[in-house]
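Below: input07.cif (mmCIF, C-alpha atoms)
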```cif
data_entry
#
loop_
_atom_site.label_atom_id
_atom_site.label_comp_id
_atom_site.auth_asym_id
_atom_site.auth_seq_id
_atom_site.Cartn_x
_atom_site.Cartn_y
_atom_site.Cartn_z
CA MET S 1 -1.87 12.60 11.27
CA ILE S 2 -4.32 9.82 10.48
CA ASP S 3 -6.08 8.84 13.69
CA VAL S 4 -7.17 5.27 12.98
CA SER S 5 -6.58 1.81 14.33
CA ALA S 6 -6.42 -1.60 12.69
CA ASP S 7 -10.02 -2.39 13.62
CA GLN S 8 -11.14 0.52 11.40
CA ALA S 9 -9.29 -0.77 8.32
CA VAL S 10 -10.81 -3.13 5.76
CA TRP S 11 -8.83 -5.53 3.55
CA THR S 12 -9.61 -5.03 -0.15
CA SER S 13 -8.51 -6.51 -3.48
CA ARG S 14 -9.26 -3.88 -6.14
CA LEU S 15 -5.76 -3.96 -7.65
CA LYS S 16 -5.59 -7.75 -7.81
CA GLU S 17 -9.06 -7.89 -9.37
CA ALA S 18 -8.03 -5.35 -12.02
CA TYR S 19 -4.41 -6.38 -12.71
CA GLY S 20 -3.65 -9.77 -11.17
CA GLU S 21 -0.90 -10.59 -8.67
CA THR S 22 1.66 -8.04 -9.97
CA VAL S 23 1.83 -4.47 -11.24
CA GLU S 24 4.43 -2.71 -13.34
CA LEU S 25 5.51 0.71 -12.10
CA GLU S 26 7.69 3.28 -13.81
CA ASP S 27 10.06 5.51 -11.81
CA GLU S 28 10.97 9.14 -12.50
CA GLN S 29 13.75 8.06 -14.88
CA GLY S 30 11.34 5.94 -16.94
CA LYS S 31 12.66 2.60 -15.66
CA SER S 32 9.94 -0.04 -15.25
CA SER S 33 9.88 -2.50 -12.37
CA ILE S 34 7.54 -5.35 -11.49
CA TYR S 35 6.04 -5.44 -7.98
CA ASP S 36 4.07 -8.18 -6.26
CA ILE S 37 0.86 -6.97 -4.64
CA ILE S 38 1.31 -8.02 -1.00
CA ALA S 39 -1.74 -6.37 0.57
CA GLU S 40 -4.49 -3.86 -0.07
CA PHE S 41 -6.63 -2.12 2.50
CA GLU S 42 -8.87 0.88 2.96
CA VAL S 43 -9.10 3.17 5.93
CA GLY S 44 -11.03 6.39 6.26
CA GLY S 45 -12.28 6.04 2.68
CA ILE S 46 -8.73 5.96 1.26
CA GLY S 47 -7.20 2.84 -0.29
CA TYR S 48 -3.58 1.76 0.15
CA ALA S 49 -1.42 -0.97 -1.36
CA VAL S 50 1.70 -2.68 -0.04
CA LEU S 51 3.96 -3.81 -2.88
CA LYS S 52 7.14 -5.88 -2.90
CA GLY S 53 9.75 -5.49 -5.60
CA THR S 54 11.25 -8.47 -7.37
CA GLY S 55 14.88 -9.23 -8.10
CA LYS S 56 18.06 -8.84 -6.04
CA ASP S 57 17.22 -5.48 -4.48
CA VAL S 58 13.84 -6.27 -2.95
CA GLU S 59 12.06 -3.11 -1.89
CA TYR S 60 8.69 -2.62 -0.25
CA GLU S 61 6.46 0.27 -1.24
CA ILE S 62 3.28 1.64 0.29
CA LEU S 63 1.20 3.61 -2.19
CA ARG S 64 -2.23 5.20 -2.24
CA ILE S 65 -4.90 3.66 -4.48
CA VAL S 66 -6.98 6.15 -6.45
CA VAL S 67 -9.66 5.57 -9.07
CA SER S 68 -8.93 6.90 -12.55
CA PRO S 69 -11.59 8.70 -14.63
CA ASN S 70 -12.17 5.43 -16.51
CA GLY S 71 -12.91 3.62 -13.24
CA LEU S 72 -9.70 1.61 -12.90
CA PRO S 73 -7.60 1.65 -9.73
CA GLU S 74 -4.27 3.45 -10.06
CA LEU S 75 -1.38 3.97 -7.69
CA GLU S 76 0.12 7.23 -6.53
CA ASN S 77 2.93 8.07 -4.15
CA ILE S 78 2.13 9.17 -0.64
CA VAL S 79 3.87 12.55 -0.57
CA ASP S 80 3.08 13.44 3.03
CA ASP S 81 5.72 11.87 5.30
CA GLU S 82 3.37 11.81 8.28
CA GLU S 83 0.64 10.02 6.29
CA TRP S 84 3.20 7.46 5.04
CA GLU S 85 4.45 6.84 8.58
CA ASP S 86 0.90 6.48 9.95
CA ILE S 87 -0.12 4.06 7.20
CA SER S 88 3.09 2.06 7.60
CA GLU S 89 2.45 1.71 11.34
CA LEU S 90 -1.20 0.84 10.68
CA TYR S 91 -0.19 -1.93 8.27
CA ASP S 92 2.23 -3.31 10.87
CA GLU S 93 -0.57 -3.24 13.46
CA MET S 94 -2.92 -5.04 11.03
CA THR S 95 -0.31 -7.64 10.09
CA PHE S 96 1.35 -8.18 13.46
CA PRO S 97 -1.31 -7.44 16.09
CA VAL S 98 -0.11 -6.86 19.62
CA ASP S 99 -1.53 -9.30 22.17
CA ASP S 100 -3.22 -7.15 24.84
CA ALA S 101 -3.00 -10.03 27.33
CA GLU S 102 0.75 -9.58 27.81
#
```
Hey, can you dump this file as structure tokens for me?
Amino acid sequence: MIDVSADQAVWTSRLKEAYGETVELEDEQGKSSIYDIIAEFEVGGIGYAVLKGTGKDVEYEILRIVVSPNGLPELENIVDDEEWEDISELYDEMTFPVDDAE
């Protein structure tokens, strides 16, 4: 479990700086799809990206950002279900903060 809150996360833009507003990802079957880069952030020294698919079947993805040996940011799946759930909840908290005054 990742024990962090939204105030510990930092918005970043490494993917957009390297690739622009979209990225092309290939699935296990070799099919390529274009995704819009919705958000990027770092927490606990690890970068994450929120991507939105294009077309009829719009899907959102949350992926980990890693740096390749040549220094470029790359994306990898989050294989740990608990990490994915924690990061998903953290992004929701960052995007839709709860008003403590209620």
ask   = Hey, what comes out of the PyMOL selection byres ((chain S and resi 53) around 10) on this file? Could you write it as a PyMOL selection string?
value = chain S and resi 22-25+33-38+51-52+54-61
Taking all atoms listed in the file into account, name the residue in S:Phe41, S:Trp11, S:Tyr19, S:Tyr48 that is nearest to Leu72 of chain S.
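Looking at the shortest contact to Leu72 of chain S, the residue is S:Tyr19.
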Can you pull out the residues contacting Ser13 of chain S? Cut-off 10 Å, using only C-alpha atoms, and skip same-chain residues under 5 positions away; I want them as a ChimeraX atom specification. /S:18,20,37,39-42,47,49
Written file, previous selection with C-alpha atoms, as a PDB file, in the frame of the given file:
```pdb
ATOM      1  CA  ALA S  18      -8.030  -5.350 -12.020  1.00  0.00           C
ATOM      2  CA  GLY S  20      -3.650  -9.770 -11.170  1.00  0.00           C
ATOM      3  CA  ILE S  37       0.860  -6.970  -4.640  1.00  0.00           C
ATOM      4  CA  ALA S  39      -1.740  -6.370   0.570  1.00  0.00           C
ATOM      5  CA  GLU S  40      -4.490  -3.860  -0.070  1.00  0.00           C
ATOM      6  CA  PHE S  41      -6.630  -2.120   2.500  1.00  0.00           C
ATOM      7  CA  GLU S  42      -8.870   0.880   2.960  1.00  0.00           C
ATOM      8  CA  GLY S  47      -7.200   2.840  -0.290  1.00  0.00           C
ATOM      9  CA  ALA S  49      -1.420  -0.970  -1.360  1.00  0.00           C
TER      10      ALA S  49
END
```
Resolved residues for the PyMOL selection byres ((chain S and resi 81-88) around 9) as a PDB file with C-alpha atoms, in the frame of the given file:
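Printed below is part08.pdb as written:
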```
ATOM      1  CA  MET S   1      -1.870  12.600  11.270  1.00  0.00           C
ATOM      2  CA  ILE S   2      -4.320   9.820  10.480  1.00  0.00           C
ATOM      3  CA  ASP S   3      -6.080   8.840  13.690  1.00  0.00           C
ATOM      4  CA  VAL S   4      -7.170   5.270  12.980  1.00  0.00           C
ATOM      5  CA  TYR S  48      -3.580   1.760   0.150  1.00  0.00           C
ATOM      6  CA  ILE S  62       3.280   1.640   0.290  1.00  0.00           C
ATOM      7  CA  LEU S  63       1.200   3.610  -2.190  1.00  0.00           C
ATOM      8  CA  ILE S  78       2.130   9.170  -0.640  1.00  0.00           C
ATOM      9  CA  VAL S  79       3.870  12.550  -0.570  1.00  0.00           C
ATOM     10  CA  ASP S  80       3.080  13.440   3.030  1.00  0.00           C
ATOM     11  CA  GLU S  89       2.450   1.710  11.340  1.00  0.00           C
ATOM     12  CA  LEU S  90      -1.200   0.840  10.680  1.00  0.00           C
ATOM     13  CA  TYR S  91      -0.190  -1.930   8.270  1.00  0.00           C
ATOM     14  CA  ASP S  92       2.230  -3.310  10.870  1.00  0.00           C
ATOM     15  CA  GLU S  93      -0.570  -3.240  13.460  1.00  0.00           C
TER      16      GLU S  93
END
```
Given only C-alpha atoms as the counted atoms, nearest of S:Ser5, S:Thr95, S:Asn70, S:Gln29 to Val43 of chain S: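 Comparing S:Ser5, S:Thr95, S:Asn70, S:Gln29 against Val43 of chain S, the winner is S:Ser5.
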Using only C-alpha atoms, determine which residues lie at most 7 Å from Leu75 of chain S, disregarding the query and same-chain residues fewer than 2 positions distant; provide the list as a PyMOL selection string. chain S and resi 63-66+73+77
For the atom pair atom CA of Ile46 of chain S and atom CA of Ser32 of chain S, what is the interatomic distance in Å to one decimal place?
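It comes out at 25.6 Å.
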Which residue of S:Gly44, S:Pro69, S:Lys31, S:Glu74 approaches Asp7 of chain S most closely, using only C-alpha atoms: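 The shortest atom-to-atom distance to Asp7 of chain S comes from S:Gly44.
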One decimal, in Å: what's the spacing between atom CA of Leu15 of chain S and atom CA of Ser68 of chain S?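 Rounded to one decimal, the two atoms are 12.3 Å apart.
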Discussion item. Which residue is closest to Thr12 of chain S? Choose from S:Gly71, S:Phe96, S:Glu76, S:Val50 and count only C-alpha atoms.
Written reply: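 When distances to Thr12 of chain S are compared using only C-alpha atoms, the smallest one comes from S:Val50.
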Using all atoms listed in the file, the best pick from S:Glu21, S:Arg14, S:Glu28, S:Met94 as closest to Val67 of chain S would be S:Arg14
